[in-house]
>>> print(open('entry-v9.tsv').read())   # TSV, C-alpha atoms
chain	number	residue	atom	x	y	z
A	1	MET	CA	0.00	0.00	0.00
A	2	LEU	CA	1.25	3.47	-0.91
A	3	LYS	CA	-0.08	6.56	0.84
A	4	LEU	CA	-0.34	9.64	-1.39
A	5	GLN	CA	-0.22	12.89	0.55
A	6	LYS	CA	-0.14	16.32	-1.09
A	7	LYS	CA	1.59	17.94	1.90
A	8	THR	CA	3.12	16.30	4.94
A	9	GLU	CA	0.89	18.36	7.22
A	10	ASP	CA	-2.30	17.30	5.39
A	11	SER	CA	-4.59	15.01	7.33
A	12	LYS	CA	-6.25	13.79	4.11
A	13	PHE	CA	-4.62	11.40	1.67
A	14	ALA	CA	-5.27	8.86	-1.06
A	15	VAL	CA	-4.19	5.23	-1.16
A	16	PHE	CA	-2.67	3.32	-4.06
A	17	LEU	CA	-3.26	-0.42	-3.75
A	18	ASP	CA	-0.88	-2.37	-5.96
A	19	HIS	CA	-3.27	-5.23	-6.66
A	20	LYS	CA	-0.75	-7.52	-8.34
A	21	THR	CA	2.01	-6.97	-5.77
A	22	LEU	CA	-0.31	-7.42	-2.79
A	23	ILE	CA	-1.48	-10.77	-4.14
A	24	ASN	CA	2.02	-11.91	-5.07
A	25	GLU	CA	3.41	-11.09	-1.63
A	26	ALA	CA	0.59	-13.02	0.03
A	27	TYR	CA	1.00	-16.06	-2.22
A	28	ASP	CA	4.74	-16.47	-1.65
A	29	GLU	CA	6.13	-18.82	-4.33
A	30	PHE	CA	3.30	-18.17	-6.81
A	31	LYS	CA	2.44	-14.92	-8.55
A	32	LEU	CA	-0.30	-13.73	-10.88
A	33	LYS	CA	0.68	-13.58	-14.51
A	34	SER	CA	1.56	-10.03	-15.49
A	35	GLU	CA	-0.68	-10.27	-18.57
A	36	LEU	CA	-3.67	-10.01	-16.22
A	37	PHE	CA	-2.72	-6.41	-15.47
A	38	GLN	CA	-2.05	-5.12	-18.96
A	39	PHE	CA	-4.84	-2.59	-18.60
A	40	HIS	CA	-4.75	0.29	-21.07
A	41	ALA	CA	-6.70	3.54	-21.05
A	42	LYS	CA	-9.69	3.64	-23.35
A	43	LYS	CA	-8.97	5.59	-26.52
A	44	THR	CA	-11.84	6.89	-28.62
A	45	ASP	CA	-12.09	8.94	-31.77
A	46	LYS	CA	-12.90	12.52	-30.79
A	47	GLY	CA	-15.63	12.92	-33.41
A	48	ILE	CA	-17.32	9.68	-32.42
A	49	GLU	CA	-17.11	10.61	-28.74
A	50	GLU	CA	-18.68	14.03	-29.38
A	51	ASP	CA	-21.51	12.38	-31.32
A	52	LYS	CA	-22.10	9.98	-28.43
A	53	THR	CA	-22.13	12.92	-26.02
A	54	ARG	CA	-24.81	14.69	-28.06
A	55	LYS	CA	-26.92	11.52	-28.07
A	56	ARG	CA	-26.51	11.15	-24.31
A	57	LYS	CA	-27.71	14.71	-23.81
A	58	ARG	CA	-30.85	13.93	-25.80
A	59	LYS	CA	-31.39	10.93	-23.49
A	60	ALA	CA	-31.02	12.88	-20.29
A	61	GLY	CA	-29.78	10.64	-17.50
A	62	VAL	CA	-29.00	11.28	-13.86
A	63	GLU	CA	-26.51	14.14	-13.72
A	64	ASP	CA	-23.79	14.18	-11.09
A	65	ALA	CA	-21.31	17.03	-11.00
A	66	SER	CA	-19.36	15.48	-8.11
A	67	SER	CA	-17.44	13.08	-10.37
A	68	LEU	CA	-16.22	16.00	-12.49
A	69	GLU	CA	-15.40	18.07	-9.40
A	70	ASP	CA	-13.48	15.06	-8.10
A	71	LEU	CA	-11.34	15.05	-11.24
A	72	HIS	CA	-9.19	17.95	-10.02
A	73	LEU	CA	-8.49	16.09	-6.78
A	74	VAL	CA	-7.77	12.89	-8.70
A	75	ASN	CA	-5.25	14.63	-10.93
A	76	GLU	CA	-3.51	16.19	-7.93
A	77	TYR	CA	-2.97	12.77	-6.41
A	78	LEU	CA	-1.95	11.16	-9.70
A	79	GLU	CA	0.85	13.71	-10.00
A	80	LEU	CA	2.29	12.20	-6.80
A	81	LEU	CA	2.21	8.69	-8.23
A	82	SER	CA	5.42	7.79	-10.03
A	83	LYS	CA	5.16	6.38	-13.52
A	84	PRO	CA	5.74	2.63	-13.62
A	85	VAL	CA	8.49	0.94	-15.58
A	86	GLU	CA	7.29	0.36	-19.12
A	87	PRO	CA	6.03	-3.25	-19.18
A	88	GLU	CA	7.39	-5.64	-21.75
A	89	ASP	CA	5.07	-6.39	-24.64
A	90	SER	CA	3.40	-9.74	-24.17
A	91	SER	CA	0.88	-11.66	-26.19
A	92	PRO	CA	-2.65	-11.84	-24.75
A	93	MET	CA	-3.13	-14.83	-22.48
A	94	LYS	CA	-5.93	-17.33	-22.84
A	95	ARG	CA	-9.03	-16.25	-20.93
A	96	HIS	CA	-9.08	-19.24	-18.61
A	97	TRP	CA	-11.39	-17.45	-16.18
A	98	GLU	CA	-14.13	-17.74	-18.81
A	99	ASP	CA	-14.04	-21.54	-18.71
A	100	GLY	CA	-16.98	-23.26	-17.09
A	101	TYR	CA	-16.79	-23.46	-13.29
A	102	ASN	CA	-18.18	-26.83	-12.22
A	103	VAL	CA	-17.09	-27.15	-8.61
A	104	PRO	CA	-19.71	-28.74	-6.35
A	105	GLN	CA	-20.62	-27.50	-2.90
A	106	LEU	CA	-17.58	-28.13	-0.71
A	107	HIS	CA	-15.29	-26.51	1.83
A	108	GLY	CA	-11.64	-26.70	2.78
A	109	ALA	CA	-8.74	-25.04	4.59
A	110	ASN	CA	-4.96	-24.84	4.42
A	111	GLU	CA	-2.88	-24.68	7.59
A	112	SER	CA	0.21	-26.37	6.12
A	113	GLY	CA	2.50	-23.33	6.08
A	114	ARG	CA	2.70	-23.09	2.29
A	115	MET	CA	0.55	-22.96	-0.84
A	116	GLN	CA	-1.31	-26.19	-1.61
A	117	ARG	CA	-2.65	-27.48	-4.93
A	118	PHE	CA	-6.21	-28.79	-5.14
A	119	LEU	CA	-7.18	-31.02	-8.08
A	120	ARG	CA	-10.41	-30.04	-9.78
A	121	VAL	CA	-13.24	-32.49	-9.35
A	122	ASP	CA	-15.06	-31.88	-12.63
A	123	GLY	CA	-13.15	-34.50	-14.60
A	124	SER	CA	-10.62	-32.04	-16.02
A	125	ARG	CA	-6.93	-31.91	-15.23
A	126	GLY	CA	-7.12	-28.41	-13.81
A	127	VAL	CA	-5.74	-27.36	-10.44
A	128	TYR	CA	-6.73	-24.68	-7.92
A	129	LEU	CA	-4.22	-23.03	-5.58
A	130	ILE	CA	-5.09	-22.79	-1.87
A	131	PRO	CA	-3.03	-20.17	0.04
A	132	ASN	CA	-1.69	-20.87	3.49
A	133	GLN	CA	-3.88	-19.72	6.40
A	134	SER	CA	-6.99	-19.60	4.22
A	135	ARG	CA	-10.36	-21.27	4.55
A	136	PHE	CA	-13.12	-21.47	1.96
A	137	PHE	CA	-16.70	-22.57	1.36
A	138	ASN	CA	-17.86	-23.08	-2.21
A	139	HIS	CA	-21.42	-22.27	-1.18
A	140	ASN	CA	-24.23	-19.92	-2.07
A	141	VAL	CA	-24.10	-16.89	0.26
A	142	ASP	CA	-27.89	-16.89	0.08
A	143	ASN	CA	-27.69	-20.00	2.30
A	144	LEU	CA	-25.28	-18.46	4.80
A	145	PRO	CA	-27.50	-19.23	7.83
A	146	ALA	CA	-26.79	-22.93	7.29
A	147	LEU	CA	-23.03	-22.26	7.61
A	148	LEU	CA	-23.09	-20.13	10.77
A	149	HIS	CA	-22.26	-23.07	13.03
A	150	GLN	CA	-19.03	-23.64	11.04
A	151	LEU	CA	-17.90	-20.01	11.23
A	152	LEU	CA	-16.40	-17.92	14.01
A	153	PRO	CA	-18.82	-16.09	16.33
A	154	ALA	CA	-17.56	-12.79	14.88
A	155	TYR	CA	-14.95	-11.35	12.51
A	156	ASP	CA	-12.72	-8.29	12.73
A	157	LEU	CA	-13.09	-7.48	9.04
A	158	ILE	CA	-15.82	-8.50	6.61
A	159	VAL	CA	-15.63	-7.71	2.89
A	160	LEU	CA	-18.60	-8.03	0.53
A	161	ASP	CA	-18.76	-7.65	-3.24
A	162	PRO	CA	-22.50	-8.29	-3.72
A	163	PRO	CA	-23.83	-9.47	-7.09
A	164	TRP	CA	-25.91	-6.33	-7.64
A	165	ARG	CA	-28.44	-6.49	-10.44
A	166	ASN	CA	-26.97	-4.70	-13.46
A	167	LYS	CA	-27.37	-4.47	-17.22
A	168	TYR	CA	-23.85	-5.67	-18.02
A	169	ILE	CA	-24.34	-9.05	-16.36
A	170	ARG	CA	-27.79	-9.44	-17.91
A	171	ARG	CA	-26.28	-8.86	-21.37
A	172	LEU	CA	-23.40	-11.20	-20.57
A	173	LYS	CA	-25.76	-13.97	-19.47
A	174	ARG	CA	-27.67	-13.68	-22.73
A	175	ALA	CA	-24.46	-13.91	-24.79
A	176	LYS	CA	-22.53	-16.41	-22.63
A	177	PRO	CA	-24.73	-17.99	-19.94
A	178	GLU	CA	-21.74	-19.70	-18.31
A	179	LEU	CA	-20.11	-16.33	-17.52
A	180	GLY	CA	-23.02	-14.52	-15.90
A	181	TYR	CA	-23.24	-15.02	-12.15
A	182	SER	CA	-26.50	-15.14	-10.20
A	183	MET	CA	-27.61	-11.67	-9.17
A	184	LEU	CA	-29.43	-10.93	-5.92
A	185	SER	CA	-32.14	-8.38	-5.22
A	186	ASN	CA	-31.78	-5.83	-2.43
A	187	GLU	CA	-34.42	-7.76	-0.51
A	188	GLN	CA	-32.36	-10.96	-0.75
A	189	LEU	CA	-29.20	-9.12	0.31
A	190	SER	CA	-30.97	-7.69	3.36
A	191	HIS	CA	-31.51	-11.23	4.69
A	192	ILE	CA	-27.78	-11.99	4.93
A	193	PRO	CA	-27.21	-12.46	8.70
A	194	LEU	CA	-24.25	-10.07	8.96
A	195	SER	CA	-25.32	-8.92	12.41
A	196	LYS	CA	-24.53	-12.43	13.68
A	197	LEU	CA	-20.94	-12.23	12.40
A	198	THR	CA	-19.81	-8.88	13.81
A	199	HIS	CA	-18.64	-7.52	17.15
A	200	PRO	CA	-18.51	-3.86	18.32
A	201	ARG	CA	-15.03	-3.40	16.78
A	202	SER	CA	-15.73	-5.04	13.41
A	203	LEU	CA	-15.26	-3.17	10.15
A	204	VAL	CA	-17.37	-4.08	7.12
A	205	ALA	CA	-16.30	-3.03	3.60
A	206	ILE	CA	-18.92	-3.22	0.85
A	207	TRP	CA	-18.28	-2.73	-2.86
A	208	CYS	CA	-21.14	-1.05	-4.69
A	209	THR	CA	-21.91	-0.16	-8.28
A	210	ASN	CA	-22.43	3.43	-9.44
A	211	SER	CA	-26.18	2.93	-9.53
A	212	THR	CA	-27.87	5.61	-7.43
A	213	LEU	CA	-30.66	3.15	-6.64
A	214	HIS	CA	-28.21	0.58	-5.28
A	215	GLN	CA	-26.36	3.17	-3.24
A	216	LEU	CA	-29.58	4.48	-1.70
A	217	ALA	CA	-30.70	0.93	-0.95
A	218	LEU	CA	-27.36	0.19	0.69
A	219	GLU	CA	-27.46	3.28	2.89
A	220	GLN	CA	-31.16	3.27	3.77
A	221	GLN	CA	-32.14	-0.40	3.68
A	222	LEU	CA	-29.21	-2.80	3.83
A	223	LEU	CA	-26.96	-1.17	6.43
A	224	PRO	CA	-29.82	-0.87	8.97
A	225	SER	CA	-30.92	-4.45	8.28
A	226	TRP	CA	-27.36	-5.62	8.99
A	227	ASN	CA	-27.17	-3.51	12.18
A	228	LEU	CA	-24.40	-1.39	10.67
A	229	ARG	CA	-23.56	2.31	10.73
A	230	LEU	CA	-21.89	4.03	7.78
A	231	LEU	CA	-18.40	5.33	8.54
A	232	HIS	CA	-17.15	6.39	5.13
A	233	LYS	CA	-17.80	6.06	1.42
A	234	LEU	CA	-15.19	6.74	-1.22
A	235	ARG	CA	-14.35	6.07	-4.83
A	236	TRP	CA	-11.99	3.41	-6.12
A	237	TYR	CA	-10.46	4.85	-9.29
A	238	LYS	CA	-9.20	2.41	-11.91
A	239	LEU	CA	-5.88	3.24	-13.54
A	240	SER	CA	-4.21	2.00	-16.68
A	241	THR	CA	-0.79	0.38	-16.51
A	242	ASP	CA	0.79	3.81	-17.09
A	243	HIS	CA	-1.11	5.19	-14.06
A	244	GLU	CA	-3.71	7.24	-15.91
A	245	LEU	CA	-7.48	7.03	-15.51
A	246	ILE	CA	-8.84	4.27	-17.74
A	247	ALA	CA	-11.47	6.73	-19.00
A	248	PRO	CA	-12.68	10.24	-18.12
A	249	PRO	CA	-15.48	10.57	-15.53
A	250	GLN	CA	-18.96	11.23	-16.92
A	251	SER	CA	-21.48	13.64	-15.43
A	252	ASP	CA	-24.25	11.31	-16.63
A	253	LEU	CA	-24.35	8.48	-14.10
A	254	THR	CA	-26.04	6.15	-16.58
A	255	GLN	CA	-22.70	5.98	-18.42
A	256	LYS	CA	-19.77	3.75	-17.48
A	257	GLN	CA	-17.43	5.42	-15.01
A	258	PRO	CA	-13.71	4.90	-14.28
A	259	TYR	CA	-14.51	4.21	-10.63
A	260	GLU	CA	-16.66	2.14	-8.30
A	261	MET	CA	-17.91	2.95	-4.83
A	262	LEU	CA	-16.63	1.45	-1.59
A	263	TYR	CA	-18.56	1.76	1.67
A	264	VAL	CA	-16.99	1.15	5.07
A	265	ALA	CA	-19.27	0.55	8.05
A	266	CYS	CA	-19.14	-0.54	11.68
A	267	ARG	CA	-21.64	-2.00	14.10
A	268	SER	CA	-24.45	0.36	15.09
A	269	ASP	CA	-23.49	-0.01	18.75
A	270	ALA	CA	-19.80	0.78	18.18
A	271	SER	CA	-18.39	3.74	20.10
A	272	GLU	CA	-19.24	7.11	18.56
A	273	ASN	CA	-15.69	7.89	17.42
A	274	TYR	CA	-14.78	4.38	16.30
A	275	GLY	CA	-13.34	4.24	12.80
A	276	LYS	CA	-13.55	7.97	12.11
A	277	ASP	CA	-9.87	8.06	11.10
A	278	ILE	CA	-10.85	6.04	8.01
A	279	GLN	CA	-12.43	9.24	6.68
A	280	GLN	CA	-8.94	10.66	6.16
A	281	THR	CA	-8.64	8.44	3.07
A	282	GLU	CA	-10.21	10.43	0.25
A	283	LEU	CA	-9.69	8.10	-2.71
A	284	ILE	CA	-8.36	4.66	-3.61
A	285	PHE	CA	-6.37	3.97	-6.78
A	286	SER	CA	-5.25	0.71	-8.35
A	287	VAL	CA	-4.54	-0.89	-11.70
A	288	PRO	CA	-7.40	-3.37	-12.07
A	289	SER	CA	-7.13	-6.89	-13.33
A	290	ILE	CA	-8.58	-7.50	-16.78
A	291	VAL	CA	-10.83	-10.10	-15.14
A	292	HIS	CA	-14.31	-8.74	-14.42
A	293	SER	CA	-15.00	-8.09	-10.72
A	294	HIS	CA	-11.48	-9.00	-9.59
A	295	LYS	CA	-11.26	-6.43	-6.80
A	296	PRO	CA	-8.00	-5.38	-5.09
A	297	PRO	CA	-7.31	-6.68	-1.56
A	298	LEU	CA	-8.28	-4.18	1.15
A	299	LEU	CA	-6.59	-5.61	4.24
A	300	SER	CA	-3.30	-3.73	3.74
A	301	TRP	CA	-5.26	-0.45	3.96
A	302	LEU	CA	-7.82	-1.31	6.64
A	303	ARG	CA	-5.51	-3.31	8.89
A	304	GLU	CA	-4.23	-0.22	10.75
A	305	HIS	CA	-7.83	0.75	11.54
A	306	LEU	CA	-8.74	-2.59	13.14
A	307	LEU	CA	-8.72	-2.86	16.93
A	308	LEU	CA	-7.69	-6.42	17.73
A	309	ASP	CA	-7.78	-8.27	21.02
A	310	LYS	CA	-4.73	-8.13	23.22
A	311	ASP	CA	-2.04	-10.57	22.01
A	312	GLN	CA	-3.98	-11.13	18.74
A	313	LEU	CA	-1.38	-11.07	15.97
A	314	GLU	CA	-3.61	-11.40	12.91
A	315	PRO	CA	-7.20	-10.29	12.24
A	316	ASN	CA	-9.96	-12.80	11.61
A	317	CYS	CA	-11.42	-11.87	8.24
A	318	LEU	CA	-14.41	-12.98	6.19
A	319	GLU	CA	-15.21	-12.33	2.53
A	320	LEU	CA	-18.66	-12.97	1.07
A	321	PHE	CA	-19.25	-13.47	-2.67
A	322	ALA	CA	-15.52	-14.18	-2.93
A	323	ARG	CA	-13.89	-15.34	-6.16
A	324	TYR	CA	-10.35	-15.79	-4.85
A	325	LEU	CA	-8.67	-16.57	-1.52
A	326	HIS	CA	-6.56	-14.58	0.94
A	327	PRO	CA	-4.45	-15.66	3.91
A	328	HIS	CA	-6.28	-15.05	7.23
A	329	PHE	CA	-9.63	-15.00	5.42
A	330	THR	CA	-12.59	-17.32	5.38
A	331	SER	CA	-13.99	-16.92	1.86
A	332	ILE	CA	-17.52	-17.87	0.83
A	333	GLY	CA	-19.11	-17.79	-2.61
A	334	LEU	CA	-20.51	-19.80	-5.49
A	335	GLU	CA	-17.26	-19.23	-7.43
A	336	VAL	CA	-14.89	-19.02	-4.50
A	337	LEU	CA	-12.03	-20.82	-6.32
A	338	LYS	CA	-12.63	-19.39	-9.78
A	339	LEU	CA	-9.63	-17.04	-9.78
A	340	MET	CA	-7.39	-19.54	-7.98
A	341	ASP	CA	-7.03	-21.48	-11.24
A	342	GLU	CA	-3.35	-22.44	-11.46
A	343	ARG	CA	-3.28	-21.36	-15.12
A	344	LEU	CA	-3.58	-17.71	-14.01
A	345	TYR	CA	-0.33	-17.97	-12.01
A	346	GLU	CA	3.32	-18.70	-12.51
A	347	VAL	CA	5.98	-19.93	-10.12
A	348	ARG	CA	8.06	-17.10	-8.74
A	349	LYS	CA	11.72	-17.27	-9.72
A	350	VAL	CA	13.91	-17.55	-6.65
A	351	GLU	CA	17.44	-16.29	-6.97
A	352	HIS	CA	19.97	-18.40	-5.09
A	353	CYS	CA	23.11	-16.60	-4.02
A	354	ASN	CA	26.27	-18.54	-3.21
A	355	GLN	CA	27.88	-16.74	-0.33
A	356	GLU	CA	31.52	-17.54	0.48
A	357	GLU	CA	32.33	-18.21	4.09
A	358	VAL	CA	34.53	-15.51	5.57
A	359	ASN	CA	37.06	-16.64	8.18
>>> encode(input="entry-v9.tsv", output="structure tokens")
Amino acid sequence: MLKLQKKTEDSKFAVFLDHKTLINEAYDEFKLKSELFQFHAKKTDKGIEEDKTRKRKRKAGVEDASSLEDLHLVNEYLELLSKPVEPEDSSPMKRHWEDGYNVPQLHGANESGRMQRFLRVDGSRGVYLIPNQSRFFNHNVDNLPALLHQLLPAYDLIVLDPPWRNKYIRRLKRAKPELGYSMLSNEQLSHIPLSKLTHPRSLVAIWCTNSTLHQLALEQQLLPSWNLRLLHKLRWYKLSTDHELIAPPQSDLTQKQPYEMLYVACRSDASENYGKDIQQTELIFSVPSIVHSHKPPLLSWLREHLLLDKDQLEPNCLELFARYLHPHFTSIGLEVLKLMDERLYEVRKVEHCNQEEVN
């Protein structure tokens, strides 16, 4: 994690989460293939873009000036972010994450001290990687109440990336049914028993789309139903590999934006000032994976805001609707191993140095 601060005396800052590096450091001898992060800014013909803009104005959508006002702040922080080393040209990799995912309902854990390989059970020769200190349930989160007896009484950090209803997934399911995941309504999401998995010092991070309806539902319906209080909401801006916005922000919220929303909440009965220091983080930046809905890990940022028990070295973390695994996390989802496919990784090269003995 890299903290971006305009002046040393400023209390506000932005955070750059190096998605690829954070995963690679956690996975030890394995690392994600660099081709997964060859993310380039969208380039459009100016004339075509102007024509699209005129059409959008005729179809008036929800206008939001805040994203354009935010752009000045975004650019100020991006000036503090050093340009990366020019990546080597590489041929596009096979889109293995689009293969059918036929893993039955199962669960597992790895306490061995190193990465373990799990043979797929769908008749193929594929392999999934299971990080050390991770636990997983390939289960429908909709049936979470049935798993409560196998989980901890409460978690220090809970991360959710809900399958919000959206047009992109509906179109994807029509074109390629095997790629579209099951979406849940706000009513279904409200029945997730989060209140049974938190304690007064828990933090809950929730990814949300840019839909105003979803955001209102999250703030007014879902958080109260989960016995949570909103601490902070901020934008996660997606950058290209050369650390530029992948596309300019749009004032019309019906158009695709270069950011998504992240909400951070705590228990309703938490102390009044608990977690307020999280509000010092104004924005989050990262270079996204080319895989849809492959979110960056948040623990490196939120860890310093967690209040753990005395003598507790590591937080107990839970991720719902997970698609890959983290150390120190229990991960639950219908595609919980999807992005642990060994074909998305390569073995890290270890340099061995021969050191002469000095007498």
>>> closest_residue(input="entry-v9.tsv", among="A:Asp311, A:Lys276, A:Leu318, A:Leu239", to="A:Phe39", atoms="all atoms listed in the file")
A:Leu239
>>> closest_atom_pairs(input="entry-v9.tsv", of="stretch 96-206 of chain A", to="stretch 291-295 of chain A", cutoff="10 Å", atoms="all atoms listed in the file", output="tab-separated table")
residue	atom	partner	partner_atom	distance
A:His96	CA	A:Val291	CA	9.9
A:Trp97	CA	A:Val291	CA	7.4
A:Glu98	CA	A:Val291	CA	9.1
A:Asp161	CA	A:Ser293	CA	8.4
A:Pro163	CA	A:Ser293	CA	9.6
>>> axis_aligned_box(input="entry-v9.tsv", around="stretch 73-78 of chain A", padding_each_side="5 Å", output="JSON")
{"center_x": -5.2, "center_y": 13.7, "center_z": -8.7, "size_x": 16.5, "size_y": 15.0, "size_z": 14.5}
>>> closest_atom_pairs(input="entry-v9.tsv", of="stretch 86-168 of chain A", to="stretch 14-27 of chain A", cutoff="10 Å", atoms="all atoms listed in the file", output="Markdown table")
| residue | atom | partner | partner_atom | distance |
| --- | --- | --- | --- | --- |
| A:Arg114 | CA | A:Tyr27 | CA | 8.5 |
| A:Met115 | CA | A:Tyr27 | CA | 7.1 |
| A:Leu129 | CA | A:Tyr27 | CA | 9.3 |
| A:Ile130 | CA | A:Tyr27 | CA | 9.1 |
| A:Pro131 | CA | A:Tyr27 | CA | 6.2 |
| A:Asn132 | CA | A:Tyr27 | CA | 7.9 |
>>> residues_near_point(input="entry-v9.tsv", point="(-5.4, -25.0, -7.5)", cutoff="6 Å", atoms="all atoms listed in the file", output="ChimeraX atom specification")
/A:117-118,127-129,340-342
